[in-house]
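Engineer: Input structure: work31.cif, which contains mmCIF, C-alpha atoms.
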```cif
data_structure
#
loop_
_atom_site.label_atom_id
_atom_site.label_comp_id
_atom_site.auth_asym_id
_atom_site.auth_seq_id
_atom_site.Cartn_x
_atom_site.Cartn_y
_atom_site.Cartn_z
CA MET R 765 16.27 13.61 -20.46
CA GLU R 766 18.99 14.59 -18.01
CA PHE R 767 18.84 13.60 -14.34
CA PRO R 768 21.39 15.95 -12.79
CA ILE R 769 21.44 14.47 -9.26
CA ALA R 770 22.63 11.06 -10.51
CA GLY R 771 24.44 12.64 -13.46
CA VAL R 772 22.64 10.38 -15.94
CA VAL R 773 20.87 10.88 -19.27
CA ALA R 774 18.03 8.34 -19.60
CA ASN R 775 14.87 7.80 -21.65
CA PRO R 776 11.96 9.10 -19.48
CA TRP R 777 9.45 6.73 -21.15
CA LEU R 778 11.48 3.70 -20.13
CA LEU R 779 11.54 5.01 -16.56
CA TRP R 780 7.75 5.52 -16.69
CA LEU R 781 7.28 1.99 -18.05
CA THR R 782 9.46 0.53 -15.30
CA GLY R 783 7.35 2.34 -12.69
CA PHE R 784 4.14 1.16 -14.33
CA THR R 785 5.20 -2.51 -14.53
CA VAL R 786 6.52 -2.64 -10.98
CA GLY R 787 3.33 -0.85 -9.86
CA VAL R 788 1.08 -3.51 -11.40
CA LEU R 789 3.10 -6.37 -9.87
CA GLY R 790 3.36 -4.65 -6.49
CA GLY R 791 -0.35 -3.89 -6.21
CA PHE R 792 -1.31 -7.43 -7.21
CA PHE R 793 1.29 -9.50 -5.31
CA GLY R 794 2.01 -7.16 -2.37
CA VAL R 795 5.71 -6.96 -3.17
CA GLY R 796 7.95 -3.91 -3.44
CA GLY R 797 9.35 -4.95 -6.80
CA ALA R 798 12.98 -4.01 -6.15
CA PHE R 799 14.04 -7.26 -7.83
CA ILE R 800 12.88 -5.74 -11.13
CA ALA R 801 13.26 -1.97 -10.66
CA THR R 802 16.83 -1.88 -9.31
CA PRO R 803 18.38 -3.86 -12.21
CA ALA R 804 16.21 -1.88 -14.66
CA LEU R 805 17.53 1.46 -13.32
CA ASN R 806 21.05 0.10 -13.40
CA ILE R 807 20.63 -0.97 -17.05
CA LEU R 808 19.24 2.51 -17.87
CA GLY R 809 22.55 3.96 -16.69
CA PHE R 810 22.06 4.78 -12.99
CA PRO R 811 25.06 3.80 -10.83
CA MET R 812 24.08 0.96 -8.45
CA ALA R 813 23.92 3.13 -5.29
CA TYR R 814 21.59 5.61 -7.07
CA ALA R 815 19.59 2.74 -8.57
CA ILE R 816 18.93 1.31 -5.08
CA GLY R 817 18.19 4.70 -3.47
CA THR R 818 15.95 5.92 -6.31
CA ASP R 819 14.12 2.60 -6.40
CA MET R 820 13.62 2.83 -2.62
CA ALA R 821 11.94 6.25 -3.02
CA HIS R 822 9.75 5.00 -5.86
CA ILE R 823 8.75 1.90 -3.86
CA MET R 824 7.86 4.07 -0.88
CA GLY R 825 5.49 6.20 -2.98
CA LYS R 826 4.02 3.16 -4.72
CA SER R 827 3.40 1.39 -1.39
CA LEU R 828 1.70 4.53 -0.05
CA MET R 829 -0.74 4.50 -2.99
CA SER R 830 -1.33 0.74 -2.95
CA SER R 831 -1.71 0.34 0.82
CA ALA R 832 -4.14 3.30 0.98
CA LEU R 833 -6.26 1.66 -1.68
CA HIS R 834 -6.03 -1.79 -0.08
CA ARG R 835 -7.10 -0.20 3.20
CA ARG R 836 -10.18 1.21 1.49
CA LEU R 837 -10.96 -2.28 0.22
CA GLY R 838 -10.60 -3.63 3.80
CA ASN R 839 -7.38 -5.54 3.07
CA VAL R 840 -4.93 -4.00 5.58
CA ASP R 841 -4.34 -5.32 9.10
CA VAL R 842 -2.57 -2.31 10.63
CA ARG R 843 -1.94 -4.05 13.98
CA ALA R 844 -0.31 -7.07 12.33
CA ALA R 845 1.82 -4.85 10.08
CA LEU R 846 3.16 -2.72 12.94
CA LEU R 847 3.95 -5.79 15.08
CA MET R 848 5.72 -7.47 12.18
CA VAL R 849 7.86 -4.37 11.55
CA LEU R 850 9.19 -4.70 15.12
CA GLY R 851 10.44 -8.21 14.29
CA THR R 852 11.55 -7.40 10.75
CA VAL R 853 14.04 -4.64 11.66
CA PRO R 854 16.33 -6.77 13.93
CA GLY R 855 15.85 -9.66 11.47
CA ILE R 856 17.27 -7.59 8.62
CA GLU R 857 20.26 -6.68 10.78
CA LEU R 858 20.88 -10.38 11.61
CA GLY R 859 20.63 -11.25 7.90
CA ALA R 860 23.13 -8.52 7.03
CA GLN R 861 25.52 -9.84 9.71
CA ALA R 862 25.25 -13.36 8.21
CA VAL R 863 26.15 -11.91 4.79
CA MET R 864 29.18 -10.14 6.33
CA ALA R 865 30.32 -13.42 7.93
CA LEU R 866 30.02 -15.24 4.58
CA GLU R 867 31.84 -12.38 2.82
CA ARG R 868 34.81 -12.80 5.16
CA ARG R 869 34.98 -16.45 4.02
CA GLY R 870 34.59 -15.46 0.33
CA LEU R 871 31.34 -17.44 0.00
CA VAL R 872 28.75 -14.70 -0.20
CA THR R 873 27.75 -14.51 -3.89
CA GLY R 874 27.14 -18.21 -4.50
CA ALA R 875 25.52 -18.79 -1.09
CA VAL R 876 23.08 -15.89 -1.45
CA ARG R 877 22.13 -16.78 -5.03
CA TRP R 878 21.49 -20.47 -4.31
CA ALA R 879 19.58 -19.62 -1.13
CA TYR R 880 17.50 -17.19 -3.21
CA VAL R 881 16.75 -19.86 -5.83
CA THR R 882 15.85 -22.48 -3.18
CA ILE R 883 13.47 -20.13 -1.36
CA LEU R 884 11.81 -18.92 -4.57
CA LEU R 885 11.22 -22.50 -5.76
CA ALA R 886 10.00 -23.72 -2.36
CA ILE R 887 7.42 -20.90 -2.19
CA ALA R 888 6.38 -21.51 -5.80
CA LEU R 889 5.88 -25.26 -5.26
CA LEU R 890 3.85 -24.65 -2.11
CA MET R 891 1.56 -22.27 -3.98
CA LEU R 892 1.26 -24.46 -7.08
CA ARG R 893 0.25 -27.44 -4.92
CA GLU R 894 -2.52 -25.39 -3.39
CA VAL R 895 -3.71 -24.11 -6.75
CA ARG R 896 -3.81 -27.72 -8.06
CA GLU R 897 -5.83 -28.85 -5.03
CA TYR R 898 -8.19 -25.93 -5.48
CA LEU R 899 -8.74 -26.68 -9.19
CA ARG R 900 -9.38 -30.37 -8.40
CA TRP R 901 -11.87 -29.37 -5.72
CA ARG R 902 -13.59 -27.00 -8.13
CA SER R 903 -13.94 -29.57 -10.91
CA GLY R 904 -15.08 -32.35 -8.51
CA PRO R 905 -18.55 -32.92 -6.99
CA GLY R 906 -19.53 -30.27 -4.45
CA THR R 907 -19.07 -31.52 -0.90
CA GLY R 908 -19.93 -28.34 0.91
CA ALA R 909 -16.40 -28.17 2.34
CA ALA R 910 -14.26 -25.05 2.03
CA ALA R 911 -11.95 -24.93 -0.98
CA PRO R 912 -8.35 -26.06 -0.35
CA GLY R 913 -6.15 -23.01 0.00
CA ALA R 914 -9.18 -20.77 0.21
CA ASP R 915 -9.32 -18.35 3.10
CA ALA R 916 -12.07 -20.34 4.84
CA ALA R 917 -10.22 -23.65 4.50
CA ARG R 918 -8.85 -25.66 7.43
CA PRO R 919 -5.55 -24.04 8.52
CA GLY R 920 -2.30 -25.95 7.92
CA PRO R 921 -0.16 -27.47 10.73
CA ALA R 922 2.16 -24.43 11.04
CA VAL R 923 -0.82 -22.10 11.41
CA THR R 924 -2.38 -24.37 14.06
CA VAL R 925 0.86 -24.51 16.08
CA LEU R 926 1.42 -20.74 15.97
CA ARG R 927 -2.20 -19.88 16.72
CA ASN R 928 -2.27 -22.28 19.71
CA LEU R 929 0.85 -20.73 21.20
CA ARG R 930 -0.29 -19.11 24.46
CA TRP R 931 2.76 -17.00 25.34
CA ARG R 932 1.45 -13.71 26.64
CA PRO R 933 0.66 -11.04 25.61
CA LEU R 934 -2.02 -12.21 23.20
CA VAL R 935 -3.43 -9.92 20.56
CA SER R 936 -6.56 -10.09 18.44
CA LEU R 937 -6.39 -9.41 14.67
CA PRO R 938 -10.03 -8.97 13.60
CA VAL R 939 -9.17 -7.81 10.06
CA SER R 940 -7.29 -11.10 9.50
CA GLY R 941 -10.02 -13.14 11.22
CA ILE R 942 -7.67 -14.20 14.06
CA PRO R 943 -9.43 -13.95 17.46
CA ALA R 944 -6.23 -14.34 19.57
CA ILE R 945 -2.58 -14.97 18.77
CA SER R 946 0.65 -14.57 20.73
CA VAL R 947 2.53 -11.37 19.95
CA TRP R 948 5.69 -13.52 20.00
CA ALA R 949 4.39 -15.58 17.07
CA ILE R 950 3.98 -12.43 14.94
CA LEU R 951 7.35 -11.03 16.06
CA GLY R 952 8.98 -14.40 15.30
CA VAL R 953 7.55 -14.50 11.78
CA GLY R 954 8.70 -10.87 11.30
CA LEU R 955 12.19 -11.76 12.58
CA ALA R 956 12.50 -14.81 10.28
CA THR R 957 11.27 -12.99 7.17
CA GLY R 958 13.43 -9.96 8.06
CA PHE R 959 16.46 -12.25 8.33
CA LEU R 960 15.78 -13.66 4.86
CA ALA R 961 15.26 -10.14 3.46
CA GLY R 962 18.55 -8.95 4.98
CA PHE R 963 20.37 -12.08 3.87
CA LEU R 964 19.09 -11.99 0.30
CA GLY R 965 19.37 -8.18 0.01
CA VAL R 966 15.76 -7.70 -1.05
CA GLY R 967 12.74 -5.90 0.40
CA GLY R 968 11.27 -9.21 1.52
CA GLY R 969 7.67 -8.91 0.30
CA PHE R 970 7.91 -12.16 -1.64
CA VAL R 971 8.86 -13.97 1.61
CA ARG R 972 6.51 -12.07 3.94
CA VAL R 973 3.32 -12.61 1.94
CA PRO R 974 3.72 -16.45 1.90
CA ALA R 975 4.74 -16.34 5.59
CA MET R 976 1.53 -14.47 6.46
CA LEU R 977 -0.46 -17.03 4.46
CA TYR R 978 1.18 -20.27 5.58
CA LEU R 979 2.41 -19.39 9.10
CA LEU R 980 -0.18 -16.92 10.40
CA GLY R 981 -3.10 -18.10 8.23
CA MET R 982 -4.10 -14.62 7.05
CA PRO R 983 -6.45 -14.28 4.04
CA THR R 984 -4.55 -13.72 0.75
CA ARG R 985 -5.78 -10.20 0.05
CA VAL R 986 -5.18 -9.11 3.66
CA ALA R 987 -1.63 -10.53 3.49
CA VAL R 988 -1.00 -8.53 0.30
CA GLY R 989 -2.41 -5.27 1.74
CA THR R 990 -0.68 -5.69 5.11
CA ASP R 991 2.68 -6.38 3.50
CA LEU R 992 2.38 -3.18 1.45
CA LEU R 993 1.89 -1.18 4.66
CA GLU R 994 5.04 -2.77 6.09
CA ILE R 995 6.93 -1.93 2.89
CA LEU R 996 5.74 1.67 3.27
CA VAL R 997 7.25 1.90 6.78
CA SER R 998 10.59 0.31 5.80
CA GLY R 999 10.64 2.19 2.45
CA THR R 1000 10.20 5.58 4.16
CA TYR R 1001 13.14 4.87 6.43
CA GLY R 1002 15.21 3.59 3.48
CA THR R 1003 14.38 6.62 1.32
CA PHE R 1004 15.33 9.06 4.07
CA THR R 1005 18.63 7.37 4.86
CA TYR R 1006 19.63 6.99 1.16
CA ALA R 1007 18.60 10.61 0.42
CA LEU R 1008 20.67 11.76 3.39
CA LYS R 1009 23.66 10.14 1.69
CA GLY R 1010 22.68 11.91 -1.55
CA ARG R 1011 21.93 8.63 -3.37
CA VAL R 1012 18.32 9.32 -4.44
CA ASP R 1013 17.53 11.05 -7.73
CA VAL R 1014 14.24 12.66 -6.74
CA MET R 1015 13.36 13.58 -10.35
CA ALA R 1016 13.71 9.98 -11.55
CA ALA R 1017 11.78 8.68 -8.53
CA VAL R 1018 8.86 11.09 -9.17
CA LEU R 1019 8.83 10.19 -12.87
CA MET R 1020 8.68 6.46 -12.04
CA LEU R 1021 5.89 7.22 -9.58
CA THR R 1022 3.71 8.68 -12.34
CA GLY R 1023 3.84 5.24 -14.01
CA ALA R 1024 3.39 3.42 -10.70
CA ALA R 1025 0.32 5.57 -9.91
CA VAL R 1026 -1.56 3.94 -12.78
CA GLY R 1027 0.07 0.51 -12.50
CA SER R 1028 -0.50 0.00 -8.79
CA GLN R 1029 -4.21 0.85 -9.08
CA ILE R 1030 -4.56 -1.77 -11.81
CA GLY R 1031 -2.77 -4.35 -9.65
CA VAL R 1032 -4.81 -3.61 -6.52
CA PHE R 1033 -8.21 -3.62 -8.26
CA ALA R 1034 -7.30 -6.81 -10.16
CA THR R 1035 -7.05 -8.68 -6.80
CA CYS R 1036 -10.84 -8.28 -6.51
CA TYR R 1037 -11.33 -10.49 -9.58
CA ALA R 1038 -8.38 -12.86 -9.30
CA ARG R 1039 -9.12 -15.43 -6.52
CA TYR R 1040 -6.68 -18.40 -6.89
CA ARG R 1041 -4.84 -16.69 -9.75
CA ILE R 1042 -2.96 -14.42 -7.28
CA ARG R 1043 -1.16 -17.52 -5.97
CA LEU R 1044 -0.81 -19.10 -9.43
CA TYR R 1045 0.78 -16.02 -11.01
CA PHE R 1046 2.91 -15.42 -7.92
CA ALA R 1047 4.25 -18.99 -8.22
CA VAL R 1048 4.99 -18.59 -11.94
CA THR R 1049 6.77 -15.27 -11.29
CA MET R 1050 8.87 -16.90 -8.55
CA ILE R 1051 9.90 -19.80 -10.85
CA LEU R 1052 10.92 -17.47 -13.68
CA THR R 1053 12.78 -15.18 -11.26
CA ALA R 1054 14.64 -18.25 -9.94
CA ALA R 1055 15.50 -19.18 -13.53
CA SER R 1056 16.94 -15.70 -14.13
CA VAL R 1057 19.08 -15.97 -10.95
CA VAL R 1058 20.40 -19.37 -12.14
CA LEU R 1059 21.23 -17.85 -15.55
CA LYS R 1060 23.12 -15.03 -13.82
CA GLN R 1061 25.03 -17.53 -11.68
CA LEU R 1062 26.01 -19.36 -14.88
CA GLY R 1063 27.43 -16.09 -16.29
CA LEU R 1064 24.56 -15.43 -18.72
CA GLY R 1065 23.77 -11.89 -17.54
CA THR R 1066 21.92 -10.73 -20.68
CA ALA R 1067 19.68 -13.82 -20.75
CA ALA R 1068 19.01 -13.35 -17.02
CA ALA R 1069 17.94 -9.70 -17.51
CA ALA R 1070 15.80 -10.62 -20.55
CA THR R 1071 14.03 -13.39 -18.58
CA LEU R 1072 13.33 -11.04 -15.68
CA PHE R 1073 11.95 -8.20 -17.81
CA ALA R 1074 9.92 -10.51 -20.06
CA THR R 1075 8.36 -12.09 -16.94
CA ALA R 1076 7.49 -8.68 -15.50
CA ALA R 1077 5.98 -7.45 -18.77
CA ALA R 1078 3.97 -10.66 -19.36
CA MET R 1079 2.63 -10.72 -15.79
CA SER R 1080 1.63 -7.04 -15.98
CA LEU R 1081 -0.34 -7.72 -19.16
CA LEU R 1082 -2.04 -10.78 -17.63
CA ILE R 1083 -2.98 -8.81 -14.50
CA ALA R 1084 -4.33 -5.90 -16.58
CA GLY R 1085 -6.32 -8.53 -18.52
CA ILE R 1086 -7.83 -9.88 -15.27
CA LEU R 1087 -9.01 -6.38 -14.35
CA ALA R 1088 -10.39 -5.61 -17.81
CA GLY R 1089 -12.18 -8.99 -17.98
CA GLY R 1090 -13.61 -8.53 -14.49
CA ILE R 1091 -14.97 -5.06 -15.26
CA VAL R 1092 -16.53 -6.24 -18.53
CA ARG R 1093 -18.22 -9.24 -16.79
CA GLN R 1094 -19.44 -6.97 -14.01
CA ARG R 1095 -20.96 -4.52 -16.52
CA ARG R 1096 -22.63 -7.32 -18.50
CA ARG R 1097 -24.15 -8.70 -15.31
CA ARG R 1098 -25.54 -5.26 -14.53
CA ASP R 1099 -27.02 -4.96 -18.01
CA VAL R 1100 -28.88 -8.33 -17.83
CA PRO R 1101 -32.50 -7.61 -16.77
CA ALA R 1102 -33.83 -9.57 -13.80
CA ARG R 1103 -35.73 -12.74 -14.82
CA PRO R 1104 -39.45 -12.79 -14.06
CA ALA R 1105 -40.39 -15.26 -11.32
CA ALA R 1106 -41.44 -18.71 -12.60
CA SER R 1107 -45.15 -19.26 -12.33
CA MET W 942 9.90 22.37 -13.16
CA ARG W 943 13.22 24.10 -13.90
CA PRO W 944 13.28 26.09 -10.61
CA PHE W 945 12.52 22.89 -8.68
CA VAL W 946 15.38 21.05 -10.44
CA GLY W 947 17.73 23.96 -9.64
CA PHE W 948 16.58 23.98 -6.01
CA VAL W 949 17.09 20.23 -5.45
CA GLN W 950 20.46 20.34 -7.21
CA GLU W 951 21.56 23.11 -4.89
CA ILE W 952 20.42 21.49 -1.63
CA HIS W 953 21.63 18.02 -2.72
CA SER W 954 25.22 19.06 -2.14
CA ALA W 955 24.75 21.97 0.29
CA ASN W 956 22.19 20.61 2.77
CA PRO W 957 21.72 16.79 2.77
CA PRO W 958 19.15 16.67 5.63
CA LEU W 959 16.97 19.21 3.79
CA TYR W 960 17.41 17.23 0.56
CA ALA W 961 16.27 14.04 2.37
CA LEU W 962 13.18 15.84 3.74
CA VAL W 963 12.34 17.39 0.36
CA THR W 964 12.74 13.97 -1.31
CA VAL W 965 10.40 12.21 1.13
CA GLY W 966 7.93 15.13 0.89
CA ALA W 967 7.98 15.19 -2.93
CA VAL W 968 7.39 11.42 -3.08
CA ILE W 969 4.47 11.58 -0.62
CA LEU W 970 2.90 14.56 -2.42
CA THR W 971 3.21 12.88 -5.83
CA ALA W 972 1.86 9.56 -4.51
CA VAL W 973 -1.15 11.15 -2.82
CA THR W 974 -2.03 13.39 -5.78
CA LEU W 975 -1.51 10.86 -8.57
CA GLY W 976 -2.89 7.95 -6.54
CA GLY W 977 -6.12 9.85 -5.93
CA LEU W 978 -6.46 10.80 -9.60
CA ALA W 979 -5.80 7.24 -10.82
CA THR W 980 -8.31 5.77 -8.33
CA ARG W 981 -10.99 8.16 -9.56
CA LEU W 982 -10.19 7.33 -13.16
CA LEU W 983 -10.42 3.56 -12.60
CA GLY W 984 -13.54 4.03 -10.45
CA PHE W 985 -15.09 5.93 -13.35
CA LEU W 986 -14.27 2.99 -15.63
CA GLY W 987 -16.09 0.63 -13.25
CA ALA W 988 -13.47 -0.74 -10.82
CA PRO W 989 -14.77 -1.64 -7.33
CA ALA W 990 -14.54 1.39 -5.04
CA ARG W 991 -14.68 0.16 -1.45
CA GLU W 992 -14.92 -2.72 0.98
CA GLY W 993 -17.58 -5.26 0.13
CA LYS W 994 -17.59 -4.40 -3.57
CA GLU W 995 -15.46 -7.34 -4.67
CA VAL W 996 -16.53 -9.52 -7.57
CA VAL W 997 -14.61 -12.76 -8.12
#
```
Represent the structure contained in this file as structure tokens.

Structural biologist:
Amino acid sequence: MEFPIAGVVANPWLLWLTGFTVGVLGGFFGVGGAFIATPALNILGFPMAYAIGTDMAHIMGKSLMSSALHRRLGNVDVRAALLMVLGTVPGIELGAQAVMALERRGLVTGAVRWAYVTILLAIALLMLREVREYLRWRSGPGTGAAAPGADAARPGPAVTVLRNLRWRPLVSLPVSGIPAISVWAILGVGLATGFLAGFLGVGGGFVRVPAMLYLLGMPTRVAVGTDLLEILVSGTYGTFTYALKGRVDVMAAVLMLTGAAVGSQIGVFATCYARYRIRLYFAVTMILTAASVVLKQLGLGTAAAATLFATAAAMSLLIAGILAGGIVRQRRRRDVPARPAAS
Amino acid sequence: MRPFVGFVQEIHSANPPLYALVTVGAVILTAVTLGGLATRLLGFLGAPAREGKEVV
């Protein structure tokens, strides 16, 4: 099929599949998915500027669908999202300036890639440690205490420090279960994650979700839903500005959206059945993404792309499996007749 | 489909601000329409539909 705006002939089914896969991952993890979709579009023949712009438009539409659905499930903290956006925007600009400074010294590619790998692995290890503690707690004798890493668990030291900060104005985030927190704490987290997003040249969802979990102490599903709303805001701006420069192929973006429409619903609904597996799969995805970046740095571009796409496909299947399994269990439970009371 | 492709091709080079608006509008319209249809489909298959319906 011909895409006349970008001047490219590409297989529409592969575009649909890319949208579907990124939709599943985005709905489940609360990430935009540019780290998969942009290289995929580029491999399908779209010049890099069109790949970024078209992906931006597709991510905007996907985030609109996913965040609307998460909101219906009670997973979006609108106040937190809007406050974080205010910190994220200058953060991205600072990150971009840091990249420019490194570029002038000829250090940008290596520095950005190794920083990317370090951050991905640090987040993955943090999440894997929590999953291990949770599984130990689950297999041990019941103590009545909240599960480690569970939303009701005792908050970590970073959460305690940020929540006890009393710099006015204070704001309450009832959806996240936070009675009062300094606006500066939220803006600071937005600024830091925005800096990393600007520095690494990514949307930043994979940094923001862990930051909301480990710095602000938000529940996992609320962090995922809230991040998607933030991606919607930044994605709308990005789409408009790239389209203004003529670098969005609207036909390709709409085609990818038809795949994302199905994929994102699967990802969002699967969060209802996943519990600790959101963090486990997120950690595994981060480790494999880091491996693909290392392969690219070593000059093994094909192996890097294969690792990335295989990871995305495998995770999408696992997530779809979680949803299917959850629905089947739910139906079986409904079908079991109530037991008569013991006499 | 063909008239829409012709229209966007024309405004892409002739009127970039209009192209940007049409792009954002087309993405929102597609997302809202397809998102609604997919939610109904999955709801029909048994997916949880609203707050408080989670099963873990």

Engineer: Taking the file as I've supplied it (selection: the PyMOL selection byres ((chain R) within 9 of (chain W))), which residues are included? Please answer as a PDB file with C-alpha atoms, in the coordinates of the input.

Structural biologist:
```pdb
ATOM      1  CA  PRO R 768      21.390  15.950 -12.790  1.00  0.00           C
ATOM      2  CA  ILE R 769      21.440  14.470  -9.260  1.00  0.00           C
ATOM      3  CA  ALA R 821      11.940   6.250  -3.020  1.00  0.00           C
ATOM      4  CA  HIS R 822       9.750   5.000  -5.860  1.00  0.00           C
ATOM      5  CA  MET R 824       7.860   4.070  -0.880  1.00  0.00           C
ATOM      6  CA  GLY R 825       5.490   6.200  -2.980  1.00  0.00           C
ATOM      7  CA  LYS R 826       4.020   3.160  -4.720  1.00  0.00           C
ATOM      8  CA  SER R 827       3.400   1.390  -1.390  1.00  0.00           C
ATOM      9  CA  LEU R 828       1.700   4.530  -0.050  1.00  0.00           C
ATOM     10  CA  MET R 829      -0.740   4.500  -2.990  1.00  0.00           C
ATOM     11  CA  SER R 830      -1.330   0.740  -2.950  1.00  0.00           C
ATOM     12  CA  ALA R 832      -4.140   3.300   0.980  1.00  0.00           C
ATOM     13  CA  LEU R 833      -6.260   1.660  -1.680  1.00  0.00           C
ATOM     14  CA  HIS R 834      -6.030  -1.790  -0.080  1.00  0.00           C
ATOM     15  CA  ARG R 835      -7.100  -0.200   3.200  1.00  0.00           C
ATOM     16  CA  ARG R 836     -10.180   1.210   1.490  1.00  0.00           C
ATOM     17  CA  LEU R 837     -10.960  -2.280   0.220  1.00  0.00           C
ATOM     18  CA  GLY R 838     -10.600  -3.630   3.800  1.00  0.00           C
ATOM     19  CA  ASN R 839      -7.380  -5.540   3.070  1.00  0.00           C
ATOM     20  CA  THR R1000      10.200   5.580   4.160  1.00  0.00           C
ATOM     21  CA  THR R1003      14.380   6.620   1.320  1.00  0.00           C
ATOM     22  CA  PHE R1004      15.330   9.060   4.070  1.00  0.00           C
ATOM     23  CA  THR R1005      18.630   7.370   4.860  1.00  0.00           C
ATOM     24  CA  TYR R1006      19.630   6.990   1.160  1.00  0.00           C
ATOM     25  CA  ALA R1007      18.600  10.610   0.420  1.00  0.00           C
ATOM     26  CA  LEU R1008      20.670  11.760   3.390  1.00  0.00           C
ATOM     27  CA  LYS R1009      23.660  10.140   1.690  1.00  0.00           C
ATOM     28  CA  GLY R1010      22.680  11.910  -1.550  1.00  0.00           C
ATOM     29  CA  VAL R1012      18.320   9.320  -4.440  1.00  0.00           C
ATOM     30  CA  ASP R1013      17.530  11.050  -7.730  1.00  0.00           C
ATOM     31  CA  VAL R1014      14.240  12.660  -6.740  1.00  0.00           C
ATOM     32  CA  MET R1015      13.360  13.580 -10.350  1.00  0.00           C
ATOM     33  CA  ALA R1017      11.780   8.680  -8.530  1.00  0.00           C
ATOM     34  CA  VAL R1018       8.860  11.090  -9.170  1.00  0.00           C
ATOM     35  CA  LEU R1021       5.890   7.220  -9.580  1.00  0.00           C
ATOM     36  CA  THR R1022       3.710   8.680 -12.340  1.00  0.00           C
ATOM     37  CA  ALA R1024       3.390   3.420 -10.700  1.00  0.00           C
ATOM     38  CA  ALA R1025       0.320   5.570  -9.910  1.00  0.00           C
ATOM     39  CA  VAL R1026      -1.560   3.940 -12.780  1.00  0.00           C
ATOM     40  CA  SER R1028      -0.500   0.000  -8.790  1.00  0.00           C
ATOM     41  CA  GLN R1029      -4.210   0.850  -9.080  1.00  0.00           C
ATOM     42  CA  ILE R1030      -4.560  -1.770 -11.810  1.00  0.00           C
ATOM     43  CA  PHE R1033      -8.210  -3.620  -8.260  1.00  0.00           C
ATOM     44  CA  ALA R1034      -7.300  -6.810 -10.160  1.00  0.00           C
ATOM     45  CA  THR R1035      -7.050  -8.680  -6.800  1.00  0.00           C
ATOM     46  CA  CYS R1036     -10.840  -8.280  -6.510  1.00  0.00           C
ATOM     47  CA  TYR R1037     -11.330 -10.490  -9.580  1.00  0.00           C
ATOM     48  CA  ALA R1038      -8.380 -12.860  -9.300  1.00  0.00           C
ATOM     49  CA  ARG R1039      -9.120 -15.430  -6.520  1.00  0.00           C
ATOM     50  CA  LEU R1087      -9.010  -6.380 -14.350  1.00  0.00           C
ATOM     51  CA  GLY R1090     -13.610  -8.530 -14.490  1.00  0.00           C
ATOM     52  CA  ILE R1091     -14.970  -5.060 -15.260  1.00  0.00           C
ATOM     53  CA  VAL R1092     -16.530  -6.240 -18.530  1.00  0.00           C
ATOM     54  CA  GLN R1094     -19.440  -6.970 -14.010  1.00  0.00           C
ATOM     55  CA  ARG R1095     -20.960  -4.520 -16.520  1.00  0.00           C
TER      56      ARG R1095
END
```

Engineer: Could you check how far atom CA of Leu992 of chain R sits from atom CA of Trp931 of chain R, in Å to one decimal?

Structural biologist: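 If I compute the distance from atom CA of Leu992 of chain R to atom CA of Trp931 of chain R, I get 27.6 Å.
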
Engineer: Please evaluate the PyMOL selection byres ((chain R and resi 974-985) around 7) against the structure above and give the resulting residues as a ChimeraX atom specification.

Structural biologist: /R:839,915,919,922-923,926,940,970-973,986-989

Engineer: Write the residues of the preceding selection, restricted to C-alpha atoms, as a short mmCIF file (atom, residue, chain, number, x, y, z; two decimals), keeping the file's coordinate frame.

Structural biologist:
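Output contents, as saved in part12.cif:
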```
data_model
loop_
_atom_site.label_atom_id
_atom_site.label_comp_id
_atom_site.auth_asym_id
_atom_site.auth_seq_id
_atom_site.Cartn_x
_atom_site.Cartn_y
_atom_site.Cartn_z
CA ASN R 839 -7.38 -5.54 3.07
CA ASP R 915 -9.32 -18.35 3.10
CA PRO R 919 -5.55 -24.04 8.52
CA ALA R 922 2.16 -24.43 11.04
CA VAL R 923 -0.82 -22.10 11.41
CA LEU R 926 1.42 -20.74 15.97
CA SER R 940 -7.29 -11.10 9.50
CA PHE R 970 7.91 -12.16 -1.64
CA VAL R 971 8.86 -13.97 1.61
CA ARG R 972 6.51 -12.07 3.94
CA VAL R 973 3.32 -12.61 1.94
CA VAL R 986 -5.18 -9.11 3.66
CA ALA R 987 -1.63 -10.53 3.49
CA VAL R 988 -1.00 -8.53 0.30
CA GLY R 989 -2.41 -5.27 1.74
#
```

Engineer: Provide the atom CA of Ala804 of chain R to atom CA of Leu858 of chain R distance in Å, to one decimal place.

Structural biologist: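 One can read the atom CA of Ala804 of chain R to atom CA of Leu858 of chain R distance as 28.0 Å.
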
Engineer: On this structure, the PyMOL selection byres ((chain R and resi 805-807) around 12) would catch which residues? List them as a VMD selection string, sorted by chain and number.

Structural biologist: chain R and resid 770 772 to 776 778 to 783 786 798 to 804 808 to 820 822 1012 to 1013 1016 to 1017 1020 1065 to 1066 1069 to 1070 1073

Engineer: May I have the residues within 9 Å of Phe963 of chain R as a ChimeraX atom specification, using all atoms listed in the file and disregarding those fewer than 5 positions away in the same chain?

Structural biologist: /R:856-863,876,958

Engineer: Let me make sure I understand: among R:Val997, R:Val947, R:Ile823, R:Ile1051, which one has the smallest atom-to-atom distance to Thr1075 of chain R if we use only C-alpha atoms?

Structural biologist: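 So, comparing all the options, the nearest one is R:Ile1051.
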
Engineer: What does the distance between atom CA of Leu1059 of chain R and atom CA of Thr1071 of chain R come to in Å, to one decimal place?

Structural biologist: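 Going from atom CA of Leu1059 of chain R over to atom CA of Thr1071 of chain R covers 9.0 Å.
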
Engineer: So, counting all atoms listed in the file, which residue among R:Arg932, R:Arg877, R:Arg843, R:Arg868 is closest to Ser1056 of chain R?

Structural biologist: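 Looking at the shortest contact to Ser1056 of chain R, the residue is R:Arg877.
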
Engineer: For segment 923-941 of chain R, take all atoms listed in the file, fit an axis-aligned box around them, add 3 Å to each of the six sides, then output centre and edge lengths in Å rounded to one decimal, as AutoDock Vina command-line options.

Structural biologist:
```
--center_x -3.6 --center_y -16.2 --center_z 18.1 --size_x 18.8 --size_y 22.7 --size_z 23.1
```
